[in-house]
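The file data.cif contains mmCIF, C-alpha atoms:
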data_entry
#
loop_
_atom_site.label_atom_id
_atom_site.label_comp_id
_atom_site.auth_asym_id
_atom_site.auth_seq_id
_atom_site.Cartn_x
_atom_site.Cartn_y
_atom_site.Cartn_z
CA MET A 1 102.87 -33.21 -4.33
CA PRO A 2 105.47 -30.66 -3.20
CA PHE A 3 107.60 -30.36 -0.09
CA SER A 4 107.59 -27.03 1.76
CA ILE A 5 110.02 -25.61 4.32
CA SER A 6 108.50 -24.17 7.48
CA ARG A 7 109.19 -20.50 8.09
CA ALA A 8 110.21 -21.18 11.68
CA PHE A 9 112.92 -23.54 10.46
CA ARG A 10 114.42 -20.86 8.20
CA GLN A 11 114.51 -18.36 11.03
CA ILE A 12 116.81 -20.48 13.22
CA LEU A 13 119.15 -22.01 10.64
CA CYS A 14 121.93 -20.62 8.51
CA CYS A 15 121.46 -20.33 4.76
CA SER A 16 123.95 -23.11 4.03
CA LEU A 17 121.82 -25.68 5.83
CA LEU A 18 118.72 -24.42 4.02
CA ARG A 19 120.56 -25.24 0.82
CA VAL A 20 121.41 -28.67 2.21
CA LEU A 21 117.74 -29.28 2.95
CA LEU A 22 116.81 -28.27 -0.58
CA VAL A 23 119.39 -30.75 -1.86
CA LEU A 24 117.65 -33.39 0.25
CA LEU A 25 114.44 -32.57 -1.62
CA VAL A 26 116.25 -33.02 -4.92
CA LEU A 27 117.73 -36.31 -3.73
CA LEU A 28 114.25 -37.52 -2.79
CA VAL A 29 113.23 -37.00 -6.39
CA LEU A 30 116.37 -38.28 -8.12
CA LEU A 31 117.30 -41.28 -5.96
CA ALA A 32 114.08 -43.29 -6.38
CA THR A 33 114.94 -46.91 -5.69
CA ALA A 34 112.80 -49.89 -4.76
CA THR A 35 112.82 -50.91 -1.10
CA SER A 36 111.67 -54.02 0.72
CA ALA A 37 109.12 -53.80 3.52
CA ALA A 38 111.30 -56.12 5.59
CA THR A 39 114.75 -54.68 4.80
CA LEU A 40 116.01 -51.11 4.63
CA VAL A 41 117.93 -51.03 1.35
CA MET A 42 120.62 -48.37 1.06
CA ASP A 43 121.39 -46.91 -2.34
CA PRO A 44 125.15 -47.51 -2.92
CA TYR A 45 125.36 -44.55 -5.30
CA ALA A 46 123.54 -42.02 -3.08
CA ASN A 47 126.72 -40.60 -1.57
CA THR A 48 129.02 -40.84 -4.57
CA SER A 49 131.29 -37.80 -4.52
CA THR A 50 130.15 -34.77 -6.51
CA PRO A 51 131.21 -31.11 -6.08
CA LEU A 52 127.82 -30.26 -4.60
CA ARG A 53 127.85 -33.14 -2.10
CA GLU A 54 131.36 -32.32 -0.98
CA THR A 55 130.18 -28.86 0.12
CA MET A 56 127.97 -30.53 2.75
CA ARG A 57 129.78 -33.75 3.65
CA ASN A 58 129.93 -34.08 7.45
CA LYS A 59 129.22 -30.36 7.79
CA HIS A 60 126.05 -30.56 9.91
CA SER A 61 126.71 -32.98 12.75
CA GLY A 62 124.42 -32.35 15.70
CA VAL A 63 121.64 -30.80 13.60
CA THR A 64 118.23 -32.51 13.65
CA ILE A 65 115.70 -31.99 10.85
CA THR A 66 112.08 -32.97 11.50
CA ILE A 67 110.20 -34.06 8.40
CA GLN A 68 106.53 -34.94 7.98
CA ILE A 69 105.77 -38.07 5.96
CA LEU A 70 102.60 -40.03 5.33
CA GLU A 71 102.25 -43.52 6.69
CA PHE A 72 102.38 -45.18 3.26
CA GLN A 73 105.53 -43.24 2.26
CA LYS A 74 107.75 -44.54 5.05
CA GLU A 75 109.10 -47.52 3.12
CA TYR A 76 110.20 -45.27 0.25
CA TYR A 77 111.66 -42.35 2.19
CA MET A 78 113.55 -44.06 5.01
CA PRO A 79 116.55 -45.09 2.83
CA LYS A 80 116.73 -41.53 1.47
CA PHE A 81 116.83 -40.09 4.97
CA ARG A 82 119.53 -42.51 6.13
CA ASN A 83 121.64 -41.69 3.05
CA PHE A 84 121.25 -37.98 3.78
CA GLU A 85 122.36 -38.52 7.39
CA LYS A 86 125.42 -40.44 6.22
CA LEU A 87 126.37 -37.65 3.85
CA THR A 88 125.81 -34.59 6.05
CA GLY A 89 126.09 -35.82 9.62
CA ALA A 90 122.64 -34.36 10.31
CA THR A 91 119.85 -36.42 11.87
CA VAL A 92 116.45 -36.76 10.18
CA LYS A 93 113.48 -37.27 12.47
CA GLU A 94 110.24 -38.46 10.89
CA ILE A 95 106.76 -37.47 12.02
CA GLU A 96 104.04 -39.63 10.48
CA SER A 97 100.60 -38.41 9.48
CA THR A 98 97.65 -40.28 8.05
CA THR A 99 95.90 -39.12 4.90
CA ALA A 100 92.92 -38.21 7.08
CA SER A 101 94.93 -35.99 9.48
CA TRP A 102 97.48 -34.69 6.98
CA TYR A 103 96.17 -31.15 6.35
CA ASP A 104 95.17 -30.57 9.97
CA ASP A 105 98.56 -31.77 11.24
CA VAL A 106 100.38 -29.19 9.12
CA ARG A 107 97.95 -26.41 9.96
CA ASP A 108 98.10 -27.13 13.68
CA ASP A 109 101.89 -27.22 13.60
CA ILE A 110 102.03 -23.81 11.89
CA ILE A 111 99.49 -22.19 14.20
CA ASN A 112 100.64 -23.66 17.50
CA ARG A 113 104.40 -23.47 16.93
CA SER A 114 104.62 -26.39 19.30
CA PRO A 115 107.96 -27.68 20.64
CA GLY A 116 109.53 -30.04 18.12
CA PHE A 117 107.90 -28.21 15.22
CA ILE A 118 108.06 -29.75 11.77
CA ASP A 119 110.80 -28.36 9.51
CA LEU A 120 109.63 -29.87 6.23
CA TYR A 121 106.03 -30.50 5.19
CA ALA A 122 104.57 -32.66 2.46
CA SER A 123 101.59 -30.88 0.95
CA PHE A 124 99.18 -30.79 -1.95
CA GLY A 125 99.72 -27.76 -4.15
CA ASN A 126 96.28 -26.34 -3.44
CA TRP A 127 97.13 -26.20 0.28
CA ILE A 128 100.15 -23.95 -0.26
CA PRO A 129 98.17 -20.63 -0.23
CA ASP A 130 96.53 -21.55 3.09
CA PHE A 131 99.85 -22.33 4.73
CA VAL A 132 101.56 -19.24 3.28
CA GLU A 133 98.79 -16.93 4.52
CA LEU A 134 99.18 -18.47 7.98
CA GLY A 135 102.84 -17.42 7.85
CA GLY A 136 104.11 -20.98 7.96
CA LEU A 137 106.14 -21.42 4.76
CA GLN A 138 109.50 -20.00 3.75
CA ASP A 139 109.97 -18.18 0.44
CA ILE A 140 112.70 -20.19 -1.32
CA SER A 141 112.66 -18.32 -4.64
CA GLU A 142 116.36 -17.48 -4.45
CA GLN A 143 117.52 -20.85 -3.18
CA VAL A 144 116.01 -23.24 -5.75
CA GLY A 145 118.65 -22.34 -8.32
CA GLU A 146 121.54 -22.81 -5.90
CA VAL A 147 121.30 -26.58 -5.42
CA GLY A 148 121.63 -27.81 -8.99
CA LEU A 149 117.89 -28.07 -9.58
CA ASP A 150 116.89 -27.20 -13.16
CA TRP A 151 113.85 -25.24 -12.04
CA PHE A 152 112.67 -24.24 -15.50
CA ASP A 153 112.75 -27.85 -16.66
CA ILE A 154 109.73 -28.49 -14.42
CA MET A 155 106.43 -28.31 -16.27
CA PRO A 156 104.94 -24.79 -15.97
CA ALA A 157 101.61 -26.15 -14.69
CA VAL A 158 103.47 -27.76 -11.78
CA ARG A 159 106.16 -25.11 -11.30
CA LEU A 160 103.70 -22.19 -11.29
CA GLY A 161 100.44 -23.79 -10.24
CA VAL A 162 101.69 -26.12 -7.53
CA ALA A 163 104.95 -24.81 -6.09
CA SER A 164 104.37 -21.05 -6.38
CA TYR A 165 102.00 -18.52 -4.84
CA LYS A 166 101.82 -14.81 -5.67
CA GLN A 167 104.94 -15.05 -7.87
CA LYS A 168 107.02 -16.57 -5.07
CA ILE A 169 108.25 -20.16 -4.70
CA TYR A 170 107.32 -21.97 -1.51
CA ALA A 171 107.75 -25.64 -2.41
CA VAL A 172 109.81 -28.14 -4.40
CA PRO A 173 107.62 -30.52 -6.42
CA VAL A 174 108.18 -34.20 -5.76
CA ASP A 175 105.67 -35.34 -8.36
CA GLY A 176 102.98 -33.98 -10.63
CA ASP A 177 100.08 -36.35 -11.05
CA VAL A 178 98.13 -36.46 -14.29
CA ILE A 179 94.74 -38.16 -14.37
CA MET A 180 94.09 -39.90 -17.68
CA MET A 181 91.10 -41.82 -18.95
CA LEU A 182 91.73 -45.22 -20.55
CA TYR A 183 89.15 -47.53 -22.05
CA ARG A 184 88.96 -51.00 -23.57
CA LYS A 185 88.48 -50.93 -27.32
CA ASP A 186 86.96 -54.41 -27.31
CA LEU A 187 84.19 -53.17 -25.00
CA VAL A 188 83.58 -49.93 -26.89
CA GLU A 189 84.16 -49.69 -30.65
CA ASP A 190 84.12 -53.48 -31.14
CA VAL A 191 80.53 -53.62 -29.86
CA GLY A 192 79.39 -50.58 -31.81
CA LEU A 193 79.70 -47.94 -29.09
CA PRO A 194 81.12 -44.50 -29.96
CA THR A 195 84.77 -43.69 -29.42
CA PRO A 196 84.66 -41.54 -26.25
CA ARG A 197 85.55 -38.05 -27.47
CA SER A 198 83.13 -36.24 -25.17
CA TRP A 199 81.45 -36.85 -21.82
CA ASP A 200 78.20 -37.50 -23.69
CA ASP A 201 79.96 -40.42 -25.40
CA VAL A 202 81.15 -41.66 -22.01
CA PHE A 203 77.60 -41.49 -20.62
CA LYS A 204 76.37 -43.64 -23.52
CA ILE A 205 79.00 -46.27 -22.70
CA LEU A 206 78.18 -46.22 -19.00
CA GLU A 207 74.46 -46.52 -19.69
CA TYR A 208 75.07 -49.47 -22.02
CA TYR A 209 77.00 -51.40 -19.36
CA LYS A 210 74.91 -50.35 -16.38
CA GLY A 211 74.04 -53.44 -14.34
CA LYS A 212 75.85 -55.89 -16.64
CA ASP A 213 77.79 -58.83 -15.16
CA PHE A 214 81.28 -58.79 -16.71
CA ASN A 215 82.84 -61.70 -14.85
CA GLY A 216 79.88 -64.04 -14.60
CA ASP A 217 79.69 -64.10 -10.81
CA GLY A 218 76.04 -63.14 -10.76
CA VAL A 219 76.75 -59.67 -9.36
CA PRO A 220 76.19 -56.58 -11.57
CA ASP A 221 79.44 -54.71 -12.29
CA TYR A 222 80.23 -51.10 -13.11
CA GLY A 223 81.02 -49.51 -16.44
CA THR A 224 83.72 -47.28 -14.98
CA CYS A 225 86.40 -47.39 -12.29
CA PHE A 226 86.14 -44.28 -10.10
CA ALA A 227 87.76 -43.85 -6.69
CA SER A 228 85.16 -43.30 -3.99
CA ALA A 229 86.94 -44.28 -0.76
CA ARG A 230 87.05 -41.69 2.02
CA ASN A 231 90.26 -39.61 2.10
CA ASP A 232 91.38 -41.02 -1.22
CA ILE A 233 91.66 -39.42 -4.67
CA GLY A 234 87.95 -39.29 -5.52
CA ASP A 235 87.83 -35.50 -5.17
CA LYS A 236 90.82 -35.14 -7.51
CA MET A 237 89.12 -37.29 -10.12
CA PHE A 238 85.92 -35.28 -9.72
CA TRP A 239 87.69 -31.97 -10.29
CA ALA A 240 89.68 -33.40 -13.19
CA ILE A 241 86.37 -34.09 -14.90
CA ALA A 242 84.84 -30.82 -13.74
CA SER A 243 87.72 -28.74 -15.09
CA SER A 244 87.16 -30.08 -18.60
CA ILE A 245 83.63 -28.65 -18.42
CA LEU A 246 84.14 -25.53 -16.30
CA GLN A 247 87.46 -24.30 -17.68
CA LEU A 248 86.90 -24.27 -21.42
CA GLN A 249 89.38 -21.38 -21.73
CA GLY A 250 91.93 -22.65 -19.24
CA THR A 251 92.59 -22.12 -15.53
CA SER A 252 92.08 -18.35 -15.82
CA GLU A 253 88.34 -19.04 -15.61
CA GLY A 254 88.75 -20.15 -12.00
CA THR A 255 87.54 -23.31 -10.29
CA PHE A 256 85.39 -22.50 -7.27
CA PHE A 257 84.56 -18.90 -8.21
CA ASP A 258 84.24 -16.89 -11.40
CA ALA A 259 87.56 -15.03 -11.52
CA LYS A 260 85.88 -11.79 -12.69
CA THR A 261 82.62 -11.66 -10.72
CA MET A 262 83.51 -13.95 -7.76
CA GLU A 263 80.16 -15.65 -8.23
CA PRO A 264 80.37 -19.29 -7.10
CA ILE A 265 80.92 -21.71 -9.94
CA SER A 266 78.18 -23.88 -8.45
CA ALA A 267 75.71 -21.32 -9.82
CA ASN A 268 76.99 -21.96 -13.35
CA PRO A 269 74.77 -24.28 -15.43
CA ARG A 270 77.93 -26.06 -16.55
CA PHE A 271 78.61 -27.12 -12.97
CA LYS A 272 75.25 -28.88 -12.84
CA GLN A 273 76.32 -30.84 -15.91
CA VAL A 274 79.28 -32.21 -13.92
CA HIS A 275 76.85 -33.93 -11.54
CA ARG A 276 75.12 -35.85 -14.29
#
Write out the structure in this file as structure tokens.
Amino acid sequence: MPFSISRAFRQILCCSLLRVLLVLLVLLVLLATATSAATLVMDPYANTSTPLRETMRNKHSGVTITIQILEFQKEYYMPKFRNFEKLTGATVKEIESTTASWYDDVRDDIINRSPGFIDLYASFGNWIPDFVELGGLQDISEQVGEVGLDWFDIMPAVRLGVASYKQKIYAVPVDGDVIMMLYRKDLVEDVGLPTPRSWDDVFKILEYYKGKDFNGDGVPDYGTCFASARNDIGDKMFWAIASSILQLQGTSEGTFFDAKTMEPISANPRFKQVHR
């Protein structure tokens, strides 16, 4: 998930504060500390003097930055925001979104340019092109190297595929999720099932355990754990599986459309295999 700076915000602020905001993004990544739901825990090292921090200490009193966060992120981000306020003198205002309203909240904010617009958005990487084409995100290609962020240390798949669009940088990655499949050896090889090296092997395992009662409660269990809740990560898991079948030669093959013919991937026989 990356953070993106709204274009409107860049148009009304000086470049120095844009750099400060980018530093805030870096601090959000680097200052990860556990917090209690009942107590706001401040990081005692967050404002330790460094040359970079001294360039912004108490330099932005009276400035308010409005940042979008998701409801479940509040506990983590609040201490970071308070530390940033203490360092810079700026005020951070949070606007909460739910996972269900997240995309629409950003899109509406960009389109409507409503009073109290959001300065900093949280976004999935695949939303970045939409928001850029709407004219809502600031190109920060020149600024990312000015705040001490080792940009080229970020994995290329995240740096290029998540934070960039049309060779320009529009976001600072906060994390880069990787979906991995794990299995229990005692329930696979130890009972004579094949080591899962292909989806056909996985299907054999799932078929073997279909309807079996693992915990003895009289209720049939499932052979796999797959997220299916609404507005959760089920679609990400689906496309993680689909990509291993559809993109045999890498992402250049496209996901939704054939990159050369623009025919929908759903017409590809391999896509039908995903639905097995």
Best match for closeness to Ser141 of chain A among A:Ala163, A:Ile154, A:Ile67, A:Val188, counting only C-alpha atoms: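 Looking only at the distances to Ser141 of chain A, the closest residue turns out to be A:Ala163.
Straight-line separation from atom CA of Ala157 of chain A to atom CA of Val178 of chain A: 10.9 Å.
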d(atom CA of Ser164 of chain A, atom CA of Ser97 of chain A) in Å: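 Value for the atom CA of Ser164 of chain A-atom CA of Ser97 of chain A distance: 23.8 Å.
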Explicit residue set for the PyMOL selection byres ((chain A and resi 77-89) around 6), as a ChimeraX atom specification: /A:42,56-61,74-76,90-91
Prev. selection, C-alpha atoms, output as a short mmCIF file (atom, residue, chain, number, x, y, z; two decimals), keeping the file's coordinate frame:
data_model
loop_
_atom_site.label_atom_id
_atom_site.label_comp_id
_atom_site.auth_asym_id
_atom_site.auth_seq_id
_atom_site.Cartn_x
_atom_site.Cartn_y
_atom_site.Cartn_z
CA MET A 42 120.62 -48.37 1.06
CA MET A 56 127.97 -30.53 2.75
CA ARG A 57 129.78 -33.75 3.65
CA ASN A 58 129.93 -34.08 7.45
CA LYS A 59 129.22 -30.36 7.79
CA HIS A 60 126.05 -30.56 9.91
CA SER A 61 126.71 -32.98 12.75
CA LYS A 74 107.75 -44.54 5.05
CA GLU A 75 109.10 -47.52 3.12
CA TYR A 76 110.20 -45.27 0.25
CA ALA A 90 122.64 -34.36 10.31
CA THR A 91 119.85 -36.42 11.87
#
Selection result of the PyMOL selection byres ((chain A and resi 192-201) around 12) on this file, as a list in words: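 For this structure, the PyMOL selection byres ((chain A and resi 192-201) around 12) resolves to Met181, Leu182, Tyr183, Arg184, Lys185, Asp186, Leu187, Val188, Glu189, Asp190, Val191, Val202, Phe203, Lys204, Ile205, Leu206, Glu207, Tyr208, Tyr209, Ile241, Ala242, Ser244, Ile245, Gln273, Val274, His275 and Arg276 of chain A.
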Take the residues from that selection and write them out as an mmCIF file, in the frame of the given file, keeping C-alpha atoms.
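See again15.cif below for the written result:
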data_model
loop_
_atom_site.group_PDB
_atom_site.id
_atom_site.type_symbol
_atom_site.label_atom_id
_atom_site.label_comp_id
_atom_site.auth_asym_id
_atom_site.auth_seq_id
_atom_site.Cartn_x
_atom_site.Cartn_y
_atom_site.Cartn_z
ATOM 1 C CA MET A 181 91.100 -41.820 -18.950
ATOM 2 C CA LEU A 182 91.730 -45.220 -20.550
ATOM 3 C CA TYR A 183 89.150 -47.530 -22.050
ATOM 4 C CA ARG A 184 88.960 -51.000 -23.570
ATOM 5 C CA LYS A 185 88.480 -50.930 -27.320
ATOM 6 C CA ASP A 186 86.960 -54.410 -27.310
ATOM 7 C CA LEU A 187 84.190 -53.170 -25.000
ATOM 8 C CA VAL A 188 83.580 -49.930 -26.890
ATOM 9 C CA GLU A 189 84.160 -49.690 -30.650
ATOM 10 C CA ASP A 190 84.120 -53.480 -31.140
ATOM 11 C CA VAL A 191 80.530 -53.620 -29.860
ATOM 12 C CA VAL A 202 81.150 -41.660 -22.010
ATOM 13 C CA PHE A 203 77.600 -41.490 -20.620
ATOM 14 C CA LYS A 204 76.370 -43.640 -23.520
ATOM 15 C CA ILE A 205 79.000 -46.270 -22.700
ATOM 16 C CA LEU A 206 78.180 -46.220 -19.000
ATOM 17 C CA GLU A 207 74.460 -46.520 -19.690
ATOM 18 C CA TYR A 208 75.070 -49.470 -22.020
ATOM 19 C CA TYR A 209 77.000 -51.400 -19.360
ATOM 20 C CA ILE A 241 86.370 -34.090 -14.900
ATOM 21 C CA ALA A 242 84.840 -30.820 -13.740
ATOM 22 C CA SER A 244 87.160 -30.080 -18.600
ATOM 23 C CA ILE A 245 83.630 -28.650 -18.420
ATOM 24 C CA GLN A 273 76.320 -30.840 -15.910
ATOM 25 C CA VAL A 274 79.280 -32.210 -13.920
ATOM 26 C CA HIS A 275 76.850 -33.930 -11.540
ATOM 27 C CA ARG A 276 75.120 -35.850 -14.290
#
Selection as a count of residues only: residues within 7 Å of (112.5, -31.9, 8.6), counting only C-alpha atoms: 9
Residues within 12 Å of (102.3, -15.1, -5.3), file coords, all atoms listed in the file, listed as a list in words: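 Those residues lying close to the given coordinates are Ile128, Pro129, Val132, Glu133, Asp139, Ser141, Leu160, Gly161, Val162, Ala163, Ser164, Tyr165, Lys166, Gln167, Lys168, Ile169 and Tyr170 of chain A.
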One-decimal distance in Å that lies between atom CA of Asp177 of chain A and atom CA of Phe152 of chain A: 18.0 Å
